[in-house]
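What follows is the content of input.cif, which has mmCIF, C-alpha atoms and all ligand atoms:
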```cif
data_data
#
loop_
_atom_site.label_atom_id
_atom_site.label_comp_id
_atom_site.auth_asym_id
_atom_site.auth_seq_id
_atom_site.Cartn_x
_atom_site.Cartn_y
_atom_site.Cartn_z
CA MET A 1 0.00 0.00 0.00
CA THR A 2 1.29 3.49 -0.82
CA THR A 3 1.21 5.82 2.14
CA ARG A 4 0.40 9.51 2.03
CA ALA A 5 4.03 10.24 2.95
CA GLN A 6 5.22 8.36 -0.17
CA ARG A 7 2.48 9.75 -2.50
CA THR A 8 3.20 13.37 -1.67
CA ALA A 9 6.98 13.16 -1.48
CA SER A 10 7.35 14.66 -4.99
CA SER A 11 5.60 17.93 -4.00
CA TYR A 12 7.63 18.18 -0.81
CA THR A 13 10.25 20.93 -0.61
CA GLU A 14 12.74 21.40 2.20
CA LEU A 15 12.32 24.79 3.87
CA ASP A 16 15.08 27.26 4.61
CA ALA A 17 14.85 30.37 6.78
CA ALA A 18 13.50 32.53 3.91
CA SER A 19 10.88 30.03 2.73
CA ALA A 20 9.83 29.30 6.34
CA SER A 21 9.27 33.03 6.78
CA ASP A 22 7.16 33.20 3.58
CA TYR A 23 5.22 30.15 4.72
CA VAL A 24 4.18 31.82 7.99
CA SER A 25 3.50 35.10 6.28
CA ARG A 26 1.09 33.43 3.81
CA LEU A 27 -0.47 31.17 6.44
CA PHE A 28 -1.46 33.95 8.85
CA GLY A 29 -1.52 36.93 6.43
CA ILE A 30 1.10 38.76 8.50
CA GLU A 31 4.35 40.50 7.75
CA THR A 32 7.26 38.48 9.09
CA THR A 33 10.49 40.19 10.12
CA ILE A 34 13.04 37.59 11.25
CA ALA A 35 13.44 33.88 10.59
CA GLU A 36 16.26 31.66 11.80
CA GLU A 37 17.00 27.95 11.91
CA ILE A 38 17.26 26.95 15.56
CA GLY A 39 17.09 23.16 15.31
CA ASP A 40 19.86 21.26 17.05
CA GLY A 41 18.10 17.91 17.30
CA ASN A 42 18.79 14.63 15.54
CA MET A 43 15.80 14.56 13.22
CA ASN A 44 14.13 17.71 11.83
CA LEU A 45 14.40 21.29 10.56
CA VAL A 46 13.21 23.80 13.17
CA PHE A 47 12.80 27.55 12.49
CA ARG A 48 11.74 30.48 14.61
CA VAL A 49 9.75 33.00 12.55
CA CYS A 50 8.88 36.39 14.05
CA SER A 51 6.64 39.29 13.16
CA ASN A 52 6.63 42.57 15.10
CA ASP A 53 4.37 41.16 17.80
CA VAL A 54 4.37 37.37 17.66
CA SER A 55 6.70 34.46 16.93
CA TYR A 56 6.11 30.88 15.82
CA ILE A 57 8.05 27.66 15.62
CA VAL A 58 8.00 25.97 12.21
CA LYS A 59 9.07 22.34 12.37
CA GLN A 60 9.51 20.28 9.21
CA ALA A 61 10.30 16.58 9.06
CA LEU A 62 13.20 15.66 6.77
CA PRO A 63 13.01 12.50 4.65
CA TYR A 64 16.17 11.21 6.33
CA LEU A 65 17.68 11.11 9.79
CA ARG A 66 19.41 14.47 10.17
CA VAL A 67 22.07 13.19 12.56
CA ALA A 68 23.03 10.33 10.20
CA GLY A 69 22.56 12.06 6.81
CA GLU A 70 20.67 11.13 3.64
CA GLY A 71 21.96 7.55 3.81
CA TRP A 72 19.42 6.82 6.58
CA PRO A 73 15.98 7.47 4.99
CA LEU A 74 13.12 8.10 7.38
CA THR A 75 9.39 8.44 6.98
CA LEU A 76 7.88 11.92 6.77
CA ASP A 77 4.76 10.47 8.37
CA ARG A 78 6.34 11.20 11.75
CA ALA A 79 5.14 14.81 11.37
CA ARG A 80 1.54 13.56 11.21
CA ILE A 81 2.16 11.37 14.25
CA GLU A 82 3.67 14.29 16.17
CA ALA A 83 0.81 16.69 15.36
CA ALA A 84 -1.79 14.05 16.23
CA ALA A 85 -0.02 13.12 19.48
CA LEU A 86 0.20 16.77 20.54
CA ALA A 87 -3.56 17.08 19.91
CA GLN A 88 -4.28 13.89 21.85
CA HIS A 89 -2.07 14.92 24.75
CA GLU A 90 -3.67 18.38 24.79
CA SER A 91 -7.11 16.79 25.05
CA VAL A 92 -6.22 14.64 28.09
CA ALA A 93 -3.64 16.94 29.74
CA PRO A 94 -4.69 20.48 28.70
CA GLY A 95 -1.99 23.15 28.69
CA MET A 96 0.89 20.70 29.04
CA VAL A 97 2.14 20.65 25.42
CA PRO A 98 3.00 23.45 22.96
CA LYS A 99 -0.10 24.75 21.15
CA VAL A 100 -0.34 23.59 17.54
CA HIS A 101 -1.54 26.30 15.15
CA HIS A 102 -1.32 24.39 11.88
CA PHE A 103 -0.34 21.05 10.38
CA ASP A 104 0.48 20.74 6.69
CA PRO A 105 0.16 17.11 5.53
CA ASP A 106 1.86 17.83 2.17
CA GLN A 107 4.95 19.65 3.43
CA PHE A 108 5.03 17.73 6.74
CA VAL A 109 5.21 21.00 8.61
CA ILE A 110 3.88 21.80 12.08
CA VAL A 111 3.50 25.46 13.06
CA MET A 112 3.34 25.80 16.80
CA GLU A 113 3.58 28.10 19.76
CA ASP A 114 7.05 29.55 20.35
CA LEU A 115 7.85 28.84 24.00
CA ASN A 116 10.59 31.47 23.92
CA THR A 117 10.42 32.26 27.63
CA HIS A 118 10.81 28.54 28.47
CA THR A 119 14.11 26.68 28.71
CA LEU A 120 15.05 23.07 28.09
CA TRP A 121 14.82 21.08 31.31
CA ARG A 122 18.00 19.14 30.49
CA GLN A 123 19.98 22.38 30.21
CA ASP A 124 18.67 23.63 33.55
CA LEU A 125 19.46 20.29 35.13
CA CYS A 126 23.00 20.38 33.75
CA LYS A 127 23.55 23.93 35.05
CA GLY A 128 22.01 23.12 38.43
CA THR A 129 19.15 25.59 38.02
CA HIS A 130 15.97 24.76 39.92
CA VAL A 131 12.65 25.47 38.19
CA GLU A 132 9.65 25.37 40.49
CA GLY A 133 6.71 23.06 39.82
CA VAL A 134 8.25 21.07 36.96
CA ALA A 135 8.47 17.64 38.61
CA GLU A 136 4.85 17.84 39.82
CA GLY A 137 3.77 18.77 36.30
CA VAL A 138 5.70 15.92 34.75
CA GLY A 139 4.12 13.39 37.15
CA ARG A 140 0.66 14.77 36.37
CA PHE A 141 1.32 14.74 32.62
CA LEU A 142 2.38 11.10 32.77
CA ALA A 143 -0.70 9.99 34.73
CA LYS A 144 -3.14 11.96 32.57
CA THR A 145 -1.70 10.95 29.22
CA LEU A 146 -1.02 7.32 30.07
CA LEU A 147 -4.31 6.55 31.83
CA GLY A 148 -6.28 8.91 29.59
CA THR A 149 -5.30 7.10 26.38
CA SER A 150 -5.63 3.56 27.78
CA ASP A 151 -8.43 1.07 28.32
CA ILE A 152 -8.47 2.22 31.94
CA LEU A 153 -10.30 5.43 30.97
CA LEU A 154 -11.29 5.03 27.30
CA PRO A 155 -14.02 2.82 25.88
CA PRO A 156 -12.19 -0.20 24.35
CA SER A 157 -13.36 0.58 20.79
CA VAL A 158 -12.03 4.15 20.99
CA ARG A 159 -8.71 2.91 22.36
CA LYS A 160 -8.44 0.42 19.51
CA SER A 161 -9.05 2.99 16.78
CA LEU A 162 -6.54 5.35 18.41
CA THR A 163 -4.01 2.53 18.44
CA ALA A 164 -4.46 2.19 14.66
CA GLU A 165 -4.01 5.95 14.14
CA PHE A 166 -0.68 5.83 15.96
CA VAL A 167 0.95 2.89 14.24
CA ASN A 168 4.51 4.24 13.92
CA PRO A 169 6.68 1.38 12.66
CA GLU A 170 9.75 3.27 11.43
CA LEU A 171 10.28 5.30 14.57
CA CYS A 172 9.61 2.27 16.75
CA ALA A 173 12.25 0.44 14.70
CA ILE A 174 14.76 3.19 15.56
CA THR A 175 14.07 2.70 19.27
CA GLU A 176 14.16 -1.09 18.95
CA GLU A 177 17.57 -0.82 17.29
CA LEU A 178 19.19 2.08 19.17
CA VAL A 179 17.86 1.36 22.67
CA PHE A 180 17.45 -2.41 22.92
CA THR A 181 19.85 -3.88 20.35
CA ALA A 182 22.89 -1.88 19.18
CA PRO A 183 24.33 -1.06 22.65
CA TYR A 184 24.82 -4.81 23.28
CA GLN A 185 26.54 -5.45 19.95
CA ASP A 186 29.48 -4.17 17.94
CA ALA A 187 27.10 -1.95 15.95
CA GLU A 188 28.27 0.71 13.51
CA SER A 189 25.84 3.25 14.95
CA ASN A 190 27.39 3.12 18.44
CA ILE A 191 29.43 6.13 19.55
CA ILE A 192 31.88 5.02 22.22
CA ASP A 193 34.35 7.49 23.68
CA GLU A 194 37.50 6.60 25.64
CA ALA A 195 35.56 6.69 28.90
CA ALA A 196 33.04 4.10 27.69
CA GLN A 197 35.36 1.52 26.06
CA GLU A 198 35.33 -0.87 29.02
CA LEU A 199 31.60 -0.61 29.54
CA ALA A 200 30.91 -1.20 25.83
CA ALA A 201 33.18 -4.26 25.77
CA GLU A 202 31.50 -5.71 28.88
CA LEU A 203 28.04 -5.21 27.39
CA ARG A 204 28.98 -7.13 24.26
CA SER A 205 29.53 -10.23 26.36
CA ASP A 206 27.02 -9.62 29.17
CA ARG A 207 24.49 -12.40 28.57
CA ALA A 208 22.27 -11.33 31.47
CA MET A 209 21.91 -7.76 30.17
CA GLN A 210 21.40 -9.00 26.62
CA LEU A 211 18.58 -11.22 27.87
CA ALA A 212 17.01 -8.36 29.85
CA ALA A 213 17.24 -6.08 26.78
CA ALA A 214 15.62 -8.70 24.54
CA GLN A 215 12.75 -9.19 27.00
CA LEU A 216 12.14 -5.45 27.36
CA ARG A 217 12.28 -5.06 23.55
CA TRP A 218 9.58 -7.75 23.28
CA GLN A 219 7.36 -5.89 25.75
CA PHE A 220 8.02 -2.62 23.92
CA ARG A 221 6.90 -4.25 20.68
CA THR A 222 3.84 -6.05 21.97
CA ARG A 223 2.24 -4.29 24.95
CA ALA A 224 -0.04 -1.63 23.43
CA GLU A 225 -1.19 -0.18 26.76
CA ALA A 226 -1.38 3.58 26.12
CA LEU A 227 -0.34 6.35 23.74
CA LEU A 228 3.24 7.00 24.79
CA HIS A 229 5.21 10.15 24.13
CA GLY A 230 7.85 7.66 23.03
CA ASP A 231 10.97 9.77 23.66
CA PHE A 232 10.27 11.34 27.03
CA HIS A 233 13.73 12.43 28.16
CA THR A 234 14.57 15.68 29.94
CA GLY A 235 15.41 17.32 26.59
CA SER A 236 11.79 16.79 25.50
CA VAL A 237 10.47 19.00 28.33
CA MET A 238 10.42 22.80 28.03
CA VAL A 239 10.12 24.48 31.41
CA ALA A 240 9.08 27.71 33.08
CA PRO A 241 7.99 28.00 36.72
CA GLY A 242 4.85 25.91 37.14
CA ASP A 243 4.55 25.40 33.37
CA PRO A 244 6.32 22.30 31.98
CA ARG A 245 5.46 21.37 28.39
CA ALA A 246 6.14 18.02 26.75
CA MET A 247 7.28 18.51 23.16
CA ASP A 248 8.52 16.40 20.23
CA PRO A 249 6.28 13.31 20.48
CA GLU A 250 7.22 12.05 16.99
CA PHE A 251 8.03 8.62 18.47
CA ALA A 252 4.47 8.35 19.85
CA PHE A 253 2.80 4.94 19.57
CA PHE A 254 0.79 2.56 21.75
CA GLY A 255 3.27 0.83 24.02
CA PRO A 256 4.01 -0.06 27.65
CA MET A 257 3.38 2.81 30.07
CA GLY A 258 6.62 2.15 31.94
CA PHE A 259 8.61 3.21 28.87
CA ASP A 260 7.76 6.92 29.32
CA VAL A 261 8.08 6.82 33.12
CA GLY A 262 11.38 4.93 32.96
CA ASN A 263 12.81 7.29 30.36
CA ILE A 264 12.33 10.43 32.40
CA ILE A 265 13.56 8.82 35.62
CA GLY A 266 16.60 7.35 33.83
CA ASN A 267 17.42 10.82 32.53
CA LEU A 268 17.12 12.30 36.02
CA ALA A 269 19.61 9.65 37.13
CA PHE A 270 22.08 11.20 34.64
CA ALA A 271 21.57 14.61 36.25
CA ARG A 272 22.00 13.08 39.72
CA ILE A 273 25.19 11.25 38.75
CA ARG A 274 26.54 14.41 37.07
CA HIS A 275 26.06 16.55 40.16
CA GLY A 276 27.32 13.74 42.36
CA GLU A 277 30.57 13.67 40.38
CA LEU A 278 30.82 17.46 40.47
CA GLY A 279 30.32 17.44 44.25
CA ASN A 280 27.18 19.58 44.16
CA ALA A 281 25.46 18.18 47.25
CA GLU A 282 22.66 20.72 47.24
CA PHE A 283 21.58 20.21 43.64
CA SER A 284 22.02 16.44 44.01
CA ALA A 285 19.40 16.56 46.77
CA GLN A 286 17.20 18.67 44.49
CA VAL A 287 17.40 16.02 41.76
CA ASP A 288 16.52 13.31 44.31
CA ASN A 289 13.52 15.44 45.16
CA TYR A 290 12.46 15.74 41.49
CA ALA A 291 12.56 11.99 41.02
CA PHE A 292 10.45 11.25 44.11
CA THR A 293 8.05 14.08 43.28
CA ILE A 294 7.47 12.69 39.78
CA TRP A 295 6.70 9.22 41.08
CA LEU A 296 4.55 10.44 44.00
CA THR A 297 2.57 12.86 41.82
CA PHE A 298 2.17 10.22 39.13
CA SER A 299 0.89 7.62 41.59
CA GLU A 300 -1.42 10.12 43.36
CA TRP A 301 -2.98 11.10 40.02
CA VAL A 302 -3.32 7.46 38.97
CA ARG A 303 -5.22 6.84 42.23
CA ARG A 304 -7.37 9.92 41.67
CA LEU A 305 -8.25 9.07 38.05
CA TRP A 306 -8.66 5.34 38.60
CA PRO A 307 -12.23 4.06 38.04
CA ALA A 308 -13.86 2.55 41.15
CA LYS A 309 -15.11 -0.45 39.16
CA GLU A 310 -11.56 -1.70 38.52
CA PRO A 311 -10.27 -3.60 41.56
CA TRP A 312 -6.54 -3.79 40.67
CA ARG A 313 -5.11 -0.27 41.08
CA GLU A 314 -2.21 -1.10 43.43
CA PRO A 315 -0.97 -4.13 41.44
CA PHE A 316 -1.19 -1.91 38.33
CA LEU A 317 1.07 0.71 39.94
CA ALA A 318 3.48 -1.97 41.18
CA GLN A 319 3.78 -3.35 37.63
CA ILE A 320 4.45 0.10 36.15
CA LEU A 321 7.18 0.60 38.73
CA VAL A 322 8.89 -2.66 37.74
CA ASP A 323 8.54 -1.93 34.00
CA SER A 324 9.85 1.62 34.47
CA ALA A 325 12.96 0.38 36.25
CA GLY A 326 13.70 -1.93 33.31
CA TYR A 327 13.22 0.82 30.73
CA ALA A 328 15.26 3.31 32.80
CA SER A 329 18.10 0.79 32.72
CA MET A 330 17.92 0.51 28.91
CA GLU A 331 17.88 4.31 28.51
CA MET A 332 20.87 4.65 30.83
CA ILE A 333 22.97 2.15 28.90
CA ARG A 334 22.13 3.41 25.44
CA ARG A 335 23.02 7.02 26.24
CA MET A 336 26.52 5.87 27.28
CA VAL A 337 27.49 3.68 24.31
CA GLY A 338 24.80 4.17 21.65
CA LEU A 339 24.22 6.73 18.89
CA ALA A 340 22.52 9.47 20.91
CA HIS A 341 24.25 10.71 24.05
CA VAL A 342 23.29 13.17 26.82
CA LEU A 343 24.94 16.45 27.79
CA ASP A 344 24.68 15.60 31.49
CA ILE A 345 27.47 13.05 31.17
CA ASP A 346 29.19 14.04 27.90
CA THR A 347 30.13 17.52 29.19
CA LEU A 348 31.84 16.27 32.36
CA PRO A 349 35.65 16.62 32.49
CA ASP A 350 37.48 13.47 31.29
CA ASP A 351 38.24 11.88 34.70
CA LEU A 352 34.72 12.46 36.02
CA ARG A 353 33.16 11.31 32.77
CA TYR A 354 34.92 7.98 33.05
CA LYS A 355 33.63 7.53 36.61
CA ALA A 356 30.16 8.61 35.61
CA ARG A 357 29.94 6.23 32.64
CA THR A 358 31.11 3.34 34.82
CA ARG A 359 28.60 4.29 37.53
CA VAL A 360 25.75 4.52 35.00
CA GLY A 361 26.67 1.08 33.64
CA GLN A 362 26.76 -0.49 37.10
CA ASN A 363 23.50 1.09 38.16
CA ALA A 364 21.72 0.13 34.95
CA ARG A 365 22.65 -3.49 35.71
CA LEU A 366 21.27 -3.16 39.25
CA LEU A 367 17.98 -1.99 37.75
CA ALA A 368 17.66 -4.63 35.05
CA LEU A 369 18.96 -7.67 36.90
CA GLY A 370 18.14 -9.30 40.24
CA LYS A 371 14.89 -8.95 42.12
CA PRO A 372 12.20 -6.68 40.66
CA VAL A 373 12.14 -3.26 42.36
CA HIS A 374 9.66 -3.19 45.26
CA SER A 375 9.34 0.57 45.89
CA PHE A 376 10.38 3.85 44.31
CA GLU A 377 13.07 4.21 47.00
CA ASP A 378 14.51 0.89 45.81
CA PHE A 379 14.30 2.04 42.15
CA TRP A 380 16.04 5.39 42.76
CA GLU A 381 18.63 3.87 45.10
CA ARG A 382 19.66 1.39 42.40
CA ALA A 383 19.64 4.06 39.64
CA THR A 384 21.91 6.41 41.58
CA GLN A 385 23.88 4.11 43.85
CA GLY A 386 27.37 5.31 44.64
CA ALA A 387 26.71 8.73 43.09
CA ASP A 388 28.98 10.75 45.34
CA SER A 389 27.83 14.22 46.28
CA THR A 390 30.49 15.14 48.80
CA PRO A 391 31.72 18.60 47.78
CA GLN A 392 35.06 18.23 45.99
CA GLU A 393 37.00 20.29 48.56
CA MET A 394 35.92 17.90 51.33
CA ARG A 395 36.83 14.67 49.54
CA VAL A 396 39.56 12.48 51.04
CA THR A 397 41.51 11.14 48.08
C1 LIG A 401 18.87 9.00 15.56
S1 LIG A 401 17.66 9.41 16.50
C2 LIG A 401 18.43 9.22 18.01
C3 LIG A 401 17.59 9.53 19.10
O1 LIG A 401 17.11 10.85 19.01
C4 LIG A 401 15.77 10.87 19.44
O2 LIG A 401 15.57 11.91 20.33
C5 LIG A 401 15.49 9.52 20.04
O3 LIG A 401 15.87 9.46 21.41
C6 LIG A 401 16.35 8.67 19.21
O4 LIG A 401 16.60 7.42 19.77
MG MG A 402 13.21 14.51 20.03
#
```

Kindly transcribe the structure held in the file into structure tokens.
Amino acid sequence: MTTRAQRTASSYTELDAASASDYVSRLFGIETTIAEEIGDGNMNLVFRVCSNDVSYIVKQALPYLRVAGEGWPLTLDRARIEAAALAQHESVAPGMVPKVHHFDPDQFVIVMEDLNTHTLWRQDLCKGTHVEGVAEGVGRFLAKTLLGTSDILLPPSVRKSLTAEFVNPELCAITEELVFTAPYQDAESNIIDEAAQELAAELRSDRAMQLAAAQLRWQFRTRAEALLHGDFHTGSVMVAPGDPRAMDPEFAFFGPMGFDVGNIIGNLAFARIRHGELGNAEFSAQVDNYAFTIWLTFSEWVRRLWPAKEPWREPFLAQILVDSAGYASMEMIRRMVGLAHVLDIDTLPDDLRYKARTRVGQNARLLALGKPVHSFEDFWERATQGADSTPQEMRVT
């Protein structure tokens, strides 16, 4: 079957700053003054287009993976998925995603709200800047989007047709390869710096982790529980006090709820390990607080939204906790030795980066192997174990 993305590819034209500016000018009938390309992600073109009194973000999918080049073709349909996921998330968690003004199914362009007074949560976490109310918002977003798009709160027939709308095979294949497969093999896509050589070599012969990864990949492929964001790391959250927004859901599909929860917690573990290595005791405690706040807010909202007729709320939460720990482990490993890394660890000085990568590897194993986690304390303790936060001047070496 020919998809819309394939049928329309011949009329598709890549935007540049000038054509993005014209696009917005025609779309809204306004005079635009400045346009610039601001995208620094792995996948798309992103422009900011301004007029005298308003600015917009124009995001266009490229027919290949930007970070890898034209040799890695990629479906344009991800723009449709992203626009539809933002709409779905807005309907169940109002005000928690950027507003979408326009979607163009021929040019695979989304025009959306410019959150120019927000910052990227990952950057704030790296700098050690606290932003009030973000962790609560993230926990609430997770509960509302995951329960609100599942059979827990939707009529089964509605959930099934939504599942069909969000079939996203190519982007799922990227995750299946980059998260669950390549890090455990000698894969060409892996990026392994000096500080990760030992860890990468161990993973290539670690049968227990390979088994855990294969089992989690199977669950990722088969458990269509809810509409996931699909790439919910701290760089997918724009923040301002009391106003976190989840952006970039192009990897959205129906999958296991623990994947989104585990991703964000795994990424907080990077921030915690970073500040541990840097000896920032105060911000380390702040990151601990974010992680617990996300889980507590998430579980409180699950309890609040849960329908009285369903008698299995607590076992449901316990299962999500276990699944999340597994997925956090996979995220932690792949950001050390896989294609896409994280600033939290990559920007540490050489000696600390080596310690951090080793620590992340050890902790990921604690999460994936052994007894299933029995509480969030247990989860977070394993994810961050040994992350020193003694200020550097007080360390006995
Ligand atoms: C090549 S795409 C690499 C990663 O970037 C995205 O943000 C996803 O995390 C993906 O795995
Ligand atoms: Mg992204």

Problem - Exercise: region 358-373 of chain A partners within 8 Å, all atoms listed in the file, chain neighbours under 6 positions left out, as a list in words - result: Ala196, Leu199, Ala208, Met209, Ala212, Phe270, Ile273, Leu321, Val322, Ala325, Gly326, Ala328, Ser329, Met330, Met332, Ile333, Met336, Phe379, Arg382, Ala383, Thr384, Gln385, Gly386 and Ala387 of chain A

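Between Lys355 (chain A) and the residues A:Tyr290, A:Asp388, A:Leu27, A:Gly258, the shortest atom-to-atom distance, using all atoms listed in the file, involves A:Asp388.
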
Handout entry: Contacts of Tyr184 (chain A) at 9 Å (all atoms listed in the file; same-chain gap of 4+ positions) as number ranges by chain
Key = A: 180, 200-206, 209-210, 213, 334, 337

Those selected residues, please, written with C-alpha atoms and delivered as an mmCIF file, keeping the file's coordinate frame.
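So result_8.cif came out as:
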```cif
data_model
loop_
_atom_site.group_PDB
_atom_site.id
_atom_site.type_symbol
_atom_site.label_atom_id
_atom_site.label_comp_id
_atom_site.auth_asym_id
_atom_site.auth_seq_id
_atom_site.Cartn_x
_atom_site.Cartn_y
_atom_site.Cartn_z
ATOM 1 C CA PHE A 180 17.450 -2.410 22.920
ATOM 2 C CA ALA A 200 30.910 -1.200 25.830
ATOM 3 C CA ALA A 201 33.180 -4.260 25.770
ATOM 4 C CA GLU A 202 31.500 -5.710 28.880
ATOM 5 C CA LEU A 203 28.040 -5.210 27.390
ATOM 6 C CA ARG A 204 28.980 -7.130 24.260
ATOM 7 C CA SER A 205 29.530 -10.230 26.360
ATOM 8 C CA ASP A 206 27.020 -9.620 29.170
ATOM 9 C CA MET A 209 21.910 -7.760 30.170
ATOM 10 C CA GLN A 210 21.400 -9.000 26.620
ATOM 11 C CA ALA A 213 17.240 -6.080 26.780
ATOM 12 C CA ARG A 334 22.130 3.410 25.440
ATOM 13 C CA VAL A 337 27.490 3.680 24.310
#
```

Counting only C-alpha atoms and all ligand atoms, which protein, DNA or RNA residues come within 7 Å of ligand MG 402 (chain A), given as a tab-separated table (two decimals) with C-alpha atoms, in the coordinates of the input?
```tsv
chain	number	residue	atom	x	y	z
A	41	GLY	CA	18.10	17.91	17.30
A	231	ASP	CA	10.97	9.77	23.66
A	236	SER	CA	11.79	16.79	25.50
A	248	ASP	CA	8.52	16.40	20.23
```

Practice task
Please identify every polymer residue within 8 Å of ligand LIG 401 (chain A), using all atoms listed in the file, and present the set as a ChimeraX atom specification.
Solution key: /A:41-43,65-68,174-175,178-179,231,233,251,339-340
